[in-house]
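Participant: Just passing along the structure, written as structure tokens.
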Amino acid sequence: MNVHYSTENLKIKNPVLTVGTFDGVHVGHKKIISTLIEDAKKINGESVIFSLSPHPRKVLFPETEAVFLLNTEEEKIKRIEKSGIDRLIIYPFTKEFAALSSCEFIEKILFEKLKVKKLIVGHDHHFGKDREGREEVLKACADRFGISVIKVGAHLIDGKTVSSTKIRNALINGDIDTANTFLGYNYVLSGVVTEGNQIGREMGFPTANLLIQSDKLIPKNGVYAVSGSVKNKEYGGMLNIGINPTVNSDKKRSIEVHLFKFSENLYGQEISVELKSYIRNEKKFDSTNALKKQLYIDKETCLTILNK
């Protein structure tokens, strides 16, 4: 897959294109991607995703709305590449770009710059200034430039439409099962290991403290069954997200993973963990001994889940 950060001087063969942030690259996105690839093959063309960076809400509402994403840009690129797309355009989202109407976008970028043959849109997709680019508007504009518009229906799971917003809400509420089902893969947290307070090691549960990218969505506080990847090798483990109220008083949130059957020094390394299941809420124990007893229970719970 070729990744581009501009539309200048691009020569793409019969491009079939879709537009979106594609945060999460979830099963609904994959339905659009599948249609994109199939239609590109029909005209001996190339499949193209036109994505935006940074996320539009960061530019349009910088002071009023914090934006937390399901993927870092690097994670999104890797997931889109796995899907089989030919080209990914990561276009800079600015206030000037946001001011373009949907017809101006089609004319100035899709037609003049990219020579798009087909435009694939999702069931609820709107683009252009004030999101006025509804399906009928898009088709009327696209027809003028010989671009056909194909609409892809919603992807439903148990009667519910899959969306990035619903996945974010599920993660915030600790509903990992729903989040992973809608994603089509286990939610991932990746980060560089930093030095902690060593209290876990003293109790027989050494943890790696992960420094996560600031705009990555962190799920609900609590304990999770996870698998961790270190140097391309997988380990089962348990993850704690929270303030560690039994042993800390500063209320600073941390993300700590204990990997089973692993004892190497990880400081400075980047590791990834896949969240498999939510085990319990974070709570304050009467003593470190009580916490230690609970950690052994948590470990057995995690091993039972991971061994299924």
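Numbering starts fresh at 1 for the residues of each chain in the structure tokens, the chains themselves are lettered A, B, ... in the order given, and ligands are numbered from 1 as they appear.
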Please return as a list in words: the residues of region 159-277 of chain A that backbone DSSP assigns to alpha helix (DSSP H).
Facilitator: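 Answer for region 159-277 of chain A restricted to alpha helix (DSSP H) is Ser164, Thr165, Lys166, Ile167, Arg168, Asn169, Ala170, Leu171, Ile172, Ile176, Asp177, Thr178, Ala179, Asn180, Thr181, Phe182, Leu183, Ile199, Gly200, Arg201 and Glu202 of chain A.
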Participant: Restricted to N, CA and C atoms, what would the selected residues look like written as an mmCIF file, in the first residue's frame?
Facilitator:
```
data_model
loop_
_atom_site.group_PDB
_atom_site.id
_atom_site.type_symbol
_atom_site.label_atom_id
_atom_site.label_comp_id
_atom_site.auth_asym_id
_atom_site.auth_seq_id
_atom_site.Cartn_x
_atom_site.Cartn_y
_atom_site.Cartn_z
ATOM 1 N N SER A 164 -17.935 4.091 15.149
ATOM 2 C CA SER A 164 -16.810 4.419 16.030
ATOM 3 C C SER A 164 -17.306 4.989 17.345
ATOM 4 N N THR A 165 -18.365 5.787 17.293
ATOM 5 C CA THR A 165 -18.909 6.388 18.519
ATOM 6 C C THR A 165 -19.393 5.314 19.485
ATOM 7 N N LYS A 166 -20.089 4.304 18.979
ATOM 8 C CA LYS A 166 -20.589 3.228 19.848
ATOM 9 C C LYS A 166 -19.433 2.422 20.440
ATOM 10 N N ILE A 167 -18.376 2.253 19.675
ATOM 11 C CA ILE A 167 -17.208 1.527 20.185
ATOM 12 C C ILE A 167 -16.543 2.332 21.301
ATOM 13 N N ARG A 168 -16.407 3.634 21.098
ATOM 14 C CA ARG A 168 -15.828 4.485 22.143
ATOM 15 C C ARG A 168 -16.661 4.409 23.422
ATOM 16 N N ASN A 169 -17.964 4.496 23.273
ATOM 17 C CA ASN A 169 -18.841 4.439 24.447
ATOM 18 C C ASN A 169 -18.732 3.095 25.167
ATOM 19 N N ALA A 170 -18.618 2.016 24.400
ATOM 20 C CA ALA A 170 -18.480 0.691 25.001
ATOM 21 C C ALA A 170 -17.190 0.611 25.818
ATOM 22 N N LEU A 171 -16.104 1.130 25.278
ATOM 23 C CA LEU A 171 -14.822 1.102 25.984
ATOM 24 C C LEU A 171 -14.872 1.941 27.255
ATOM 25 N N ILE A 172 -15.491 3.097 27.165
ATOM 26 C CA ILE A 172 -15.598 3.980 28.327
ATOM 27 C C ILE A 172 -16.389 3.304 29.445
ATOM 28 N N ILE A 176 -15.940 -4.444 26.974
ATOM 29 C CA ILE A 176 -14.921 -4.856 26.014
ATOM 30 C C ILE A 176 -15.480 -5.832 24.991
ATOM 31 N N ASP A 177 -16.410 -6.684 25.407
ATOM 32 C CA ASP A 177 -16.980 -7.658 24.474
ATOM 33 C C ASP A 177 -17.637 -6.962 23.280
ATOM 34 N N THR A 178 -18.448 -5.942 23.547
ATOM 35 C CA THR A 178 -19.104 -5.211 22.463
ATOM 36 C C THR A 178 -18.083 -4.460 21.621
ATOM 37 N N ALA A 179 -17.147 -3.805 22.281
ATOM 38 C CA ALA A 179 -16.129 -3.043 21.545
ATOM 39 C C ALA A 179 -15.346 -3.957 20.603
ATOM 40 N N ASN A 180 -14.899 -5.099 21.099
ATOM 41 C CA ASN A 180 -14.114 -6.007 20.262
ATOM 42 C C ASN A 180 -14.945 -6.608 19.137
ATOM 43 N N THR A 181 -16.218 -6.896 19.418
ATOM 44 C CA THR A 181 -17.101 -7.430 18.379
ATOM 45 C C THR A 181 -17.297 -6.413 17.266
ATOM 46 N N PHE A 182 -17.544 -5.160 17.632
ATOM 47 C CA PHE A 182 -17.749 -4.114 16.628
ATOM 48 C C PHE A 182 -16.463 -3.783 15.883
ATOM 49 N N LEU A 183 -15.327 -3.855 16.570
ATOM 50 C CA LEU A 183 -14.044 -3.609 15.919
ATOM 51 C C LEU A 183 -13.682 -4.736 14.948
ATOM 52 N N ILE A 199 5.971 -1.201 43.452
ATOM 53 C CA ILE A 199 5.144 -1.851 44.474
ATOM 54 C C ILE A 199 4.629 -3.200 43.978
ATOM 55 N N GLY A 200 4.268 -3.268 42.691
ATOM 56 C CA GLY A 200 3.811 -4.538 42.136
ATOM 57 C C GLY A 200 4.875 -5.613 42.239
ATOM 58 N N ARG A 201 6.106 -5.251 41.966
ATOM 59 C CA ARG A 201 7.211 -6.226 42.055
ATOM 60 C C ARG A 201 7.360 -6.740 43.486
ATOM 61 N N GLU A 202 7.205 -5.840 44.458
ATOM 62 C CA GLU A 202 7.339 -6.240 45.863
ATOM 63 C C GLU A 202 6.267 -7.250 46.267
#
```
Participant: Just checking: using only C-alpha atoms, which residue out of A:Val25, A:Leu52, A:Val67, A:Leu119 ends up closest to Ala98 (chain A)?
Facilitator: A:Leu52
Participant: Identify which of the residues A:Ser102, A:Val16, A:Val188, A:Asn2 lies closest to Val149 (chain A), counting only C-alpha atoms when measuring atom-to-atom distances.
Facilitator: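 So, comparing all the options, the nearest one is A:Val16.
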Participant: Could you jot down the CA of Lys76 (chain A) to CA of Ser51 (chain A) separation for me, Å, one decimal place?
Facilitator: 10.2 Å
Participant: Among region 46-285 of chain A, which ones does DSSP place in strand (DSSP E or B), written as a VMD selection string?
Facilitator: chain A and resid 47 to 53 69 87 to 92 118 to 121 148 to 151 156 to 157 160 to 161 188 to 194 208 to 212 216 222 to 230 233 to 242 254 to 259 270 to 280
Participant: Ranking A:Asn248, A:Thr194, A:Asn14, A:Gln269 by minimum distance to Ile147 (chain A) and counting only C-alpha atoms, which one comes first?
Facilitator: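 Result for the nearest residue to Ile147 (chain A): A:Asn14.
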Participant: Can you work out which one of A:Ile218, A:Leu17, A:Ile212, A:Ile305 has the shortest atom-to-atom distance to Ile109 (chain A), counting only C-alpha atoms?
Facilitator: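 Once distances to Ile109 (chain A) are computed over only C-alpha atoms, the minimum belongs to A:Leu17.
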Participant: So which residues touch region 252-268 of chain A within 7 Å, counting only C-alpha atoms, skipping near sequence neighbours fewer than 3 positions away, as a PyMOL selection string?
Facilitator: chain A and resi 192-195+205-210+228+235-243
Participant: Take the residues that were just selected and, keeping N, CA and C atoms, output them as an mmCIF file, in the first residue's frame.
Facilitator:
```cif
data_model
loop_
_atom_site.group_PDB
_atom_site.id
_atom_site.type_symbol
_atom_site.label_atom_id
_atom_site.label_comp_id
_atom_site.auth_asym_id
_atom_site.auth_seq_id
_atom_site.Cartn_x
_atom_site.Cartn_y
_atom_site.Cartn_z
ATOM 1 N N VAL A 192 5.305 2.978 25.356
ATOM 2 C CA VAL A 192 6.666 2.771 25.848
ATOM 3 C C VAL A 192 6.607 2.494 27.346
ATOM 4 N N VAL A 193 7.403 1.530 27.809
ATOM 5 C CA VAL A 193 7.420 1.158 29.226
ATOM 6 C C VAL A 193 8.264 2.164 30.004
ATOM 7 N N THR A 194 7.653 2.741 31.041
ATOM 8 C CA THR A 194 8.368 3.696 31.885
ATOM 9 C C THR A 194 8.487 3.133 33.301
ATOM 10 N N GLU A 195 9.369 3.720 34.077
ATOM 11 C CA GLU A 195 9.615 3.208 35.430
ATOM 12 C C GLU A 195 8.478 3.599 36.369
ATOM 13 N N PHE A 205 4.039 -9.284 41.667
ATOM 14 C CA PHE A 205 3.365 -8.996 40.403
ATOM 15 C C PHE A 205 4.027 -7.801 39.718
ATOM 16 N N PRO A 206 5.246 -7.995 39.189
ATOM 17 C CA PRO A 206 5.924 -6.873 38.526
ATOM 18 C C PRO A 206 5.115 -6.388 37.330
ATOM 19 N N THR A 207 5.017 -5.074 37.205
ATOM 20 C CA THR A 207 4.210 -4.512 36.126
ATOM 21 C C THR A 207 5.047 -3.606 35.236
ATOM 22 N N ALA A 208 4.622 -3.531 33.980
ATOM 23 C CA ALA A 208 5.197 -2.582 33.037
ATOM 24 C C ALA A 208 4.223 -1.416 32.926
ATOM 25 N N ASN A 209 4.700 -0.221 33.218
ATOM 26 C CA ASN A 209 3.872 0.981 33.142
ATOM 27 C C ASN A 209 3.935 1.535 31.722
ATOM 28 N N LEU A 210 2.780 1.633 31.064
ATOM 29 C CA LEU A 210 2.749 2.052 29.666
ATOM 30 C C LEU A 210 2.446 3.534 29.541
ATOM 31 N N GLY A 228 -0.166 -9.835 25.763
ATOM 32 C CA GLY A 228 0.827 -8.814 25.463
ATOM 33 C C GLY A 228 1.828 -9.304 24.441
ATOM 34 N N TYR A 235 2.278 -13.178 25.270
ATOM 35 C CA TYR A 235 2.187 -13.604 26.664
ATOM 36 C C TYR A 235 0.797 -13.239 27.195
ATOM 37 N N GLY A 236 0.215 -14.143 27.985
ATOM 38 C CA GLY A 236 -1.010 -13.790 28.679
ATOM 39 C C GLY A 236 -0.681 -12.850 29.821
ATOM 40 N N GLY A 237 -1.690 -12.101 30.282
ATOM 41 C CA GLY A 237 -1.415 -11.188 31.377
ATOM 42 C C GLY A 237 -2.671 -10.527 31.897
ATOM 43 N N MET A 238 -2.469 -9.617 32.835
ATOM 44 C CA MET A 238 -3.587 -8.821 33.336
ATOM 45 C C MET A 238 -3.147 -7.365 33.382
ATOM 46 N N LEU A 239 -4.115 -6.501 33.121
ATOM 47 C CA LEU A 239 -3.856 -5.075 32.989
ATOM 48 C C LEU A 239 -4.692 -4.315 34.009
ATOM 49 N N ASN A 240 -4.078 -3.332 34.650
ATOM 50 C CA ASN A 240 -4.837 -2.454 35.537
ATOM 51 C C ASN A 240 -4.795 -1.035 34.994
ATOM 52 N N ILE A 241 -5.984 -0.443 34.842
ATOM 53 C CA ILE A 241 -6.107 0.959 34.473
ATOM 54 C C ILE A 241 -6.724 1.674 35.661
ATOM 55 N N GLY A 242 -6.048 2.728 36.148
ATOM 56 C CA GLY A 242 -6.630 3.449 37.267
ATOM 57 C C GLY A 242 -5.603 4.172 38.104
ATOM 58 N N ILE A 243 -5.999 4.496 39.332
ATOM 59 C CA ILE A 243 -5.163 5.329 40.201
ATOM 60 C C ILE A 243 -4.496 4.530 41.318
#
```
Participant: From the set A:His4, A:Lys41, A:Lys31, A:Lys299, which residue has the shortest atom-to-atom contact distance to Val162 (chain A), counting only C-alpha atoms?
Facilitator: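 Of A:His4, A:Lys41, A:Lys31, A:Lys299, the one nearest Val162 (chain A) is A:Lys31, counting only C-alpha atoms.
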Participant: Nearest residue to Glu38 (chain A) out of A:Leu69, A:Ile120, A:Ile90, A:Cys302, using only C-alpha atoms?
Facilitator: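 For Glu38 (chain A), the nearest of the given residues is A:Ile120.
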